[in-house]
Structure formats: structure tokens, C-alpha cells
>>> print(open('model_15.cif').read())   # mmCIF, C-alpha atoms
data_data
loop_
_atom_site.label_atom_id
_atom_site.label_comp_id
_atom_site.auth_asym_id
_atom_site.auth_seq_id
_atom_site.Cartn_x
_atom_site.Cartn_y
_atom_site.Cartn_z
CA GLN E 1 76.19 219.79 66.87
CA VAL E 2 79.32 221.24 65.32
CA GLN E 3 82.40 219.08 65.41
CA LEU E 4 85.56 220.72 64.13
CA VAL E 5 88.65 219.01 62.80
CA GLU E 6 91.78 220.98 61.90
CA SER E 7 94.36 219.86 59.40
CA GLY E 8 97.18 221.25 57.30
CA GLY E 9 99.83 221.98 59.87
CA GLY E 10 103.47 221.22 59.24
CA LEU E 11 107.05 222.41 59.14
CA VAL E 12 107.90 225.29 56.83
CA ARG E 13 110.75 227.75 56.44
CA PRO E 14 110.44 231.47 57.20
CA GLY E 15 108.79 233.28 54.32
CA GLU E 16 106.89 230.24 53.11
CA SER E 17 103.13 229.68 53.09
CA LEU E 18 100.73 227.21 54.65
CA THR E 19 96.95 226.79 54.63
CA LEU E 20 95.10 225.27 57.57
CA SER E 21 91.64 223.73 57.30
CA CYS E 22 88.87 223.65 59.87
CA THR E 23 86.11 221.27 58.82
CA ASN E 24 82.68 220.42 60.15
CA SER E 25 81.67 217.37 58.15
CA ARG E 26 78.06 217.24 59.32
CA PHE E 27 76.53 220.44 57.91
CA ARG E 28 77.19 223.91 56.58
CA LEU E 29 78.58 226.58 58.85
CA ASP E 30 76.38 229.45 57.64
CA ASN E 31 75.00 230.13 61.13
CA TYR E 32 78.37 230.32 62.82
CA HIS E 33 81.46 232.42 63.09
CA ILE E 34 84.80 230.67 63.13
CA GLY E 35 87.75 231.90 65.11
CA TRP E 36 91.37 230.89 64.80
CA PHE E 37 93.50 230.96 67.96
CA ARG E 38 97.02 230.12 69.07
CA PRO E 39 98.58 229.94 72.54
CA ALA E 40 99.68 233.18 74.15
CA SER E 41 101.34 233.86 77.47
CA GLY E 42 100.11 231.90 80.44
CA ASN E 43 97.12 229.67 79.78
CA GLU E 44 95.39 232.05 77.41
CA ARG E 45 95.01 231.82 73.66
CA GLU E 46 95.57 234.71 71.28
CA GLY E 47 92.85 235.33 68.74
CA VAL E 48 94.37 235.26 65.26
CA GLY E 49 91.20 236.04 63.35
CA CYS E 50 87.45 235.65 63.10
CA PHE E 51 85.31 234.85 60.07
CA SER E 52 81.56 235.25 59.77
CA VAL E 53 80.53 232.48 57.37
CA SER E 54 77.20 234.03 56.36
CA ASN E 55 78.61 237.36 55.17
CA ASN E 56 82.35 236.67 54.75
CA LYS E 57 83.32 239.46 57.14
CA ARG E 58 86.78 239.01 58.64
CA PHE E 59 88.79 240.36 61.54
CA TYR E 60 92.47 239.82 62.27
CA VAL E 61 94.92 240.50 65.03
CA ASP E 62 97.41 243.22 64.02
CA SER E 63 100.40 240.87 63.97
CA VAL E 64 98.97 238.85 61.05
CA LYS E 65 97.19 241.52 59.01
CA GLY E 66 98.33 241.42 55.41
CA ARG E 67 99.85 237.95 55.83
CA PHE E 68 96.94 235.74 56.94
CA THR E 69 93.58 235.31 55.22
CA ILE E 70 90.50 233.46 56.43
CA PHE E 71 88.13 232.14 53.79
CA THR E 72 85.63 229.43 53.04
CA ASP E 73 84.48 227.54 49.96
CA ASN E 74 81.14 226.98 48.24
CA ALA E 75 80.29 224.03 50.46
CA LYS E 76 80.78 226.17 53.58
CA ARG E 77 81.67 223.16 55.69
CA SER E 78 85.30 224.22 55.93
CA VAL E 79 86.97 227.46 56.91
CA TYR E 80 90.59 227.97 55.97
CA LEU E 81 93.45 229.99 57.41
CA GLY E 82 95.85 230.94 54.65
CA MET E 83 99.20 231.99 56.06
CA ASP E 84 101.77 233.76 53.90
CA ARG E 85 105.23 235.13 54.69
CA LEU E 86 105.39 233.00 57.82
CA LYS E 87 107.74 234.00 60.62
CA SER E 88 109.33 231.98 63.38
CA GLU E 89 107.08 233.72 65.89
CA ASP E 90 104.06 232.20 64.12
CA THR E 91 105.14 228.80 65.40
CA ALA E 92 102.27 227.47 67.51
CA ILE E 93 99.43 225.02 67.72
CA TYR E 94 96.52 226.60 65.84
CA TYR E 95 92.97 225.96 66.98
CA CYS E 96 89.72 226.77 65.27
CA ALA E 97 86.54 227.35 67.21
CA ALA E 98 82.88 227.95 66.39
CA GLY E 99 80.46 230.39 67.92
CA PRO E 100 76.87 231.22 66.92
CA GLY E 101 76.00 233.93 64.43
CA LEU E 102 78.38 236.66 63.28
CA CYS E 103 81.75 237.59 64.72
CA PRO E 104 81.02 239.81 67.73
CA PRO E 105 82.67 243.24 68.06
CA ILE E 106 85.13 241.74 70.53
CA TRP E 107 85.82 238.53 68.66
CA ASP E 108 88.84 237.16 70.49
CA LEU E 109 87.22 236.12 73.76
CA GLU E 110 87.53 232.36 74.18
CA ASN E 111 84.26 232.17 76.11
CA ASP E 112 82.36 233.30 73.03
CA TYR E 113 83.16 230.04 71.27
CA ASP E 114 81.24 226.87 72.05
CA THR E 115 83.14 224.23 70.13
CA TRP E 116 86.89 223.81 69.64
CA GLY E 117 88.95 221.64 67.38
CA GLN E 118 91.90 219.58 68.51
CA GLY E 119 94.56 221.88 67.08
CA THR E 120 97.22 221.51 64.42
CA GLN E 121 100.91 222.26 64.85
CA VAL E 122 102.63 224.87 62.70
CA THR E 123 106.40 225.12 62.98
CA VAL E 124 108.33 227.84 61.16
CA SER E 125 112.04 227.17 61.23
CA SER E 126 115.05 227.33 58.96
#
>>> encode(input="model_15.cif", output="C-alpha cells")
Amino acid sequence: QVQLVESGGGLVRPGESLTLSCTNSRFRLDNYHIGWFRPASGNEREGVGCFSVSNNKRFYVDSVKGRFTIFTDNAKRSVYLGMDRLKSEDTAIYYCAAGPGLCPPIWDLENDYDTWGQGTQVTVSS
């Protein structure tokens, strides 16, 4: 069973960069897609992006396109969220989540993801 642990959050200034990690220490994530989410209005979470580990296909919400990148490494036990040119409105707790197979066409539905990490805080402030 997948168990996800996020790390890498912190306090940065606007315009700076940060990379978050989402790690499953038990086995490779080839058979999963990994989504990154952050809180939105109400009790919902906004999908930031989705990454299909087996074919490296990525999707992003419009507000982060060109600034955020999701990637993995050769071990494929971690998926990273690289965040550049951070803005104050990016301040949030970021969660990663795993779902089976490839990112679906509608990739930002929370119910599609079976396993969630505990979240890591990102604060962008001068």
C-alpha cells in the first residue's frame, strides 16, 4: 500500500523558489499518478497539478503554469513539485495524493485519489 510523506515546505520571499517532495518509501510509483493539491475556498482543495509516473505526462492548473513543474527521479519513489517565482497567493499547505494508473482527463477530483500525504506548509511572505 502506498504511504506518502511530503517534505520541503518552508518560508520564502516572493519571487523565490522551493521544491516539495512526495515520497513513497516502500516501492516505485510507476503504476500511479500523483496529484498535488492545496486548500481552496470552503472545505475543498484546488488541484495544482497531476503527474503520470509511467509516462511523465503532466497537467497543471492555469494559475501555476510556467512557474511550477512536477517531476520524478530514476528511483521513481518520489515525485517533486518545483515551484519558481512564488507569489504570496501560493501560500498554503500542499498535499500530494496517489491514484491508480495515469492522470485521468479530469485530474483534479479529490475522490480520484486513494492515498494522501500529511501536507507541508509553504509560506510566501516578504
>>> resolve_selection(input="model_15.cif", expression="the PyMOL selection byres ((chain E and resi 22) around 6)", output="list in words")
Val5, Glu6, Ser21, Thr23, Ser78 and Val79 of chain E
>>> atom_distance(input="model_15.cif", atom1="atom CA of Arg28 of chain E", atom2="atom CA of Ala75 of chain E")
6.9 Å
>>> resolve_selection(input="model_15.cif", expression="the PyMOL selection byres ((chain E and resi 11) around 9)", output="PyMOL selection string")
chain E and resi 9-10+12-13+121-125
>>> atom_distance(input="model_15.cif", atom1="atom CA of Ile34 of chain E", atom2="atom CA of Ala98 of chain E")
4.7 Å
>>> resolve_selection(input="model_15.cif", expression="the PyMOL selection byres ((chain E and resi 83) around 7)", output="VMD selection string")
chain E and resid 17 to 19 67 to 69 81 to 82 84 to 86
>>> closest_residue(input="model_15.cif", among="E:Ser25, E:Gln1, E:Ser126, E:Asn55", to="Gly99 of chain E", atoms="all atoms listed in the file")
E:Gln1
>>> atom_distance(input="model_15.cif", atom1="atom CA of Ser52 of chain E", atom2="atom CA of Glu89 of chain E")
26.3 Å
>>> residues_around(input="model_15.cif", residues="Ile106 of chain E", least_positions_apart="4", cutoff="12 Å", atoms="all atoms listed in the file", output="list of chain:residue names")
E:Gly35, E:Gly47, E:Gly49, E:Cys50, E:Phe59, E:Tyr60, E:Val61, E:Leu102, E:Glu110, E:Asn111, E:Asp112, E:Tyr113
>>> residues_around(input="model_15.cif", residues="Ile93 of chain E", least_positions_apart="2", cutoff="8 Å", atoms="all atoms listed in the file", output="list in words")
Arg38, Pro39, Thr91, Tyr95, Gly119, Thr120, Gln121 and Val122 of chain E
>>> residues_around(input="model_15.cif", residues="Gln3 of chain E", least_positions_apart="3", cutoff="8 Å", atoms="all atoms listed in the file", output="PyMOL selection string")
chain E and resi 23-26+115-117
>>> residues_around(input="model_15.cif", residues="Phe37 of chain E", least_positions_apart="5", cutoff="7 Å", atoms="all atoms listed in the file", output="PyMOL selection string")
chain E and resi 45-48+94-96
>>> decode(input="model_15.cif", residues="segment 4-38 of chain E", atoms="N, CA, C and O atoms", output="short mmCIF file (atom, residue, chain, number, x, y, z; two decimals), in the first residue's frame")
data_model
loop_
_atom_site.label_atom_id
_atom_site.label_comp_id
_atom_site.auth_asym_id
_atom_site.auth_seq_id
_atom_site.Cartn_x
_atom_site.Cartn_y
_atom_site.Cartn_z
N LEU E 4 2.44 8.06 1.59
CA LEU E 4 3.10 9.25 1.07
C LEU E 4 3.51 10.18 2.20
O LEU E 4 2.72 10.43 3.11
N VAL E 5 4.72 10.69 2.08
CA VAL E 5 5.23 11.66 3.04
C VAL E 5 5.74 12.87 2.26
O VAL E 5 6.61 12.73 1.39
N GLU E 6 5.20 14.04 2.58
CA GLU E 6 5.66 15.27 1.94
C GLU E 6 6.75 15.92 2.79
O GLU E 6 6.77 15.77 4.01
N SER E 7 7.61 16.64 2.12
CA SER E 7 8.63 17.43 2.80
C SER E 7 9.05 18.58 1.90
O SER E 7 8.70 18.61 0.71
N GLY E 8 9.79 19.51 2.48
CA GLY E 8 10.36 20.60 1.68
C GLY E 8 9.69 21.94 1.84
O GLY E 8 10.14 22.93 1.26
N GLY E 9 8.62 21.99 2.60
CA GLY E 9 7.95 23.27 2.80
C GLY E 9 8.81 24.23 3.60
O GLY E 9 9.82 23.86 4.19
N GLY E 10 8.41 25.50 3.59
CA GLY E 10 9.15 26.49 4.35
C GLY E 10 8.67 27.89 4.06
O GLY E 10 7.64 28.09 3.42
N LEU E 11 9.45 28.85 4.55
CA LEU E 11 9.16 30.27 4.38
C LEU E 11 10.11 30.84 3.34
O LEU E 11 11.34 30.72 3.49
N VAL E 12 9.54 31.44 2.30
CA VAL E 12 10.36 32.06 1.27
C VAL E 12 9.78 33.43 0.95
O VAL E 12 8.63 33.72 1.27
N ARG E 13 10.59 34.24 0.27
CA ARG E 13 10.12 35.56 -0.16
C ARG E 13 9.49 35.47 -1.54
O ARG E 13 9.78 34.55 -2.31
N PRO E 14 8.63 36.42 -1.88
CA PRO E 14 8.07 36.44 -3.24
C PRO E 14 9.17 36.44 -4.29
O PRO E 14 10.18 37.13 -4.14
N GLY E 15 8.96 35.65 -5.33
CA GLY E 15 9.94 35.54 -6.40
C GLY E 15 10.94 34.42 -6.21
O GLY E 15 11.65 34.06 -7.17
N GLU E 16 11.02 33.88 -5.00
CA GLU E 16 11.97 32.79 -4.76
C GLU E 16 11.38 31.44 -5.16
O GLU E 16 10.24 31.34 -5.62
N SER E 17 12.20 30.39 -5.00
CA SER E 17 11.83 29.05 -5.43
C SER E 17 11.84 28.08 -4.26
O SER E 17 12.51 28.31 -3.24
N LEU E 18 11.11 27.00 -4.44
CA LEU E 18 11.04 25.95 -3.43
C LEU E 18 10.68 24.65 -4.14
O LEU E 18 9.94 24.68 -5.14
N THR E 19 11.21 23.53 -3.67
CA THR E 19 10.85 22.23 -4.23
C THR E 19 10.30 21.33 -3.12
O THR E 19 10.97 21.12 -2.11
N LEU E 20 9.11 20.84 -3.33
CA LEU E 20 8.48 19.91 -2.39
C LEU E 20 8.70 18.47 -2.86
O LEU E 20 8.74 18.21 -4.06
N SER E 21 8.79 17.57 -1.90
CA SER E 21 8.95 16.15 -2.20
C SER E 21 7.75 15.38 -1.70
O SER E 21 7.20 15.70 -0.63
N CYS E 22 7.39 14.36 -2.43
CA CYS E 22 6.33 13.43 -2.04
C CYS E 22 6.91 12.04 -2.23
O CYS E 22 7.18 11.63 -3.37
N THR E 23 7.12 11.33 -1.14
CA THR E 23 7.89 10.09 -1.19
C THR E 23 7.09 8.90 -0.67
O THR E 23 6.46 8.99 0.38
N ASN E 24 7.14 7.83 -1.45
CA ASN E 24 6.64 6.53 -1.02
C ASN E 24 7.85 5.62 -0.85
O ASN E 24 8.46 5.21 -1.83
N SER E 25 8.22 5.34 0.37
CA SER E 25 9.49 4.65 0.62
C SER E 25 9.42 3.16 0.30
O SER E 25 10.46 2.51 0.18
N ARG E 26 8.23 2.62 0.13
CA ARG E 26 8.10 1.16 0.05
C ARG E 26 8.39 0.61 -1.34
O ARG E 26 8.96 -0.47 -1.49
N PHE E 27 7.95 1.32 -2.40
CA PHE E 27 8.13 0.77 -3.74
C PHE E 27 7.99 1.89 -4.75
O PHE E 27 7.62 3.03 -4.42
N ARG E 28 8.29 1.57 -6.01
CA ARG E 28 8.20 2.55 -7.08
C ARG E 28 6.74 2.93 -7.35
O ARG E 28 5.81 2.17 -7.09
N LEU E 29 6.60 4.12 -7.91
CA LEU E 29 5.27 4.66 -8.16
C LEU E 29 4.85 4.56 -9.61
O LEU E 29 3.95 5.29 -10.05
N ASP E 30 5.44 3.63 -10.36
CA ASP E 30 5.17 3.53 -11.81
C ASP E 30 3.68 3.34 -12.12
O ASP E 30 3.22 3.77 -13.16
N ASN E 31 2.95 2.68 -11.27
CA ASN E 31 1.55 2.35 -11.54
C ASN E 31 0.57 3.37 -10.98
O ASN E 31 -0.63 3.08 -10.85
N TYR E 32 1.08 4.55 -10.67
CA TYR E 32 0.23 5.56 -10.05
C TYR E 32 0.36 6.91 -10.77
O TYR E 32 1.34 7.17 -11.46
N HIS E 33 -0.63 7.74 -10.55
CA HIS E 33 -0.48 9.15 -10.85
C HIS E 33 -0.49 9.90 -9.51
O HIS E 33 -1.16 9.48 -8.57
N ILE E 34 0.28 10.96 -9.48
CA ILE E 34 0.42 11.75 -8.26
C ILE E 34 -0.13 13.14 -8.50
O ILE E 34 0.27 13.81 -9.46
N GLY E 35 -1.04 13.54 -7.65
CA GLY E 35 -1.58 14.89 -7.72
C GLY E 35 -1.06 15.74 -6.58
O GLY E 35 -0.75 15.23 -5.50
N TRP E 36 -0.93 17.02 -6.85
CA TRP E 36 -0.59 17.99 -5.82
C TRP E 36 -1.81 18.91 -5.64
O TRP E 36 -2.38 19.39 -6.63
N PHE E 37 -2.17 19.16 -4.40
CA PHE E 37 -3.36 19.95 -4.08
C PHE E 37 -3.01 20.97 -3.00
O PHE E 37 -2.05 20.82 -2.25
N ARG E 38 -3.83 22.01 -2.93
CA ARG E 38 -3.75 22.98 -1.84
C ARG E 38 -5.17 23.42 -1.52
O ARG E 38 -6.06 23.32 -2.38
#
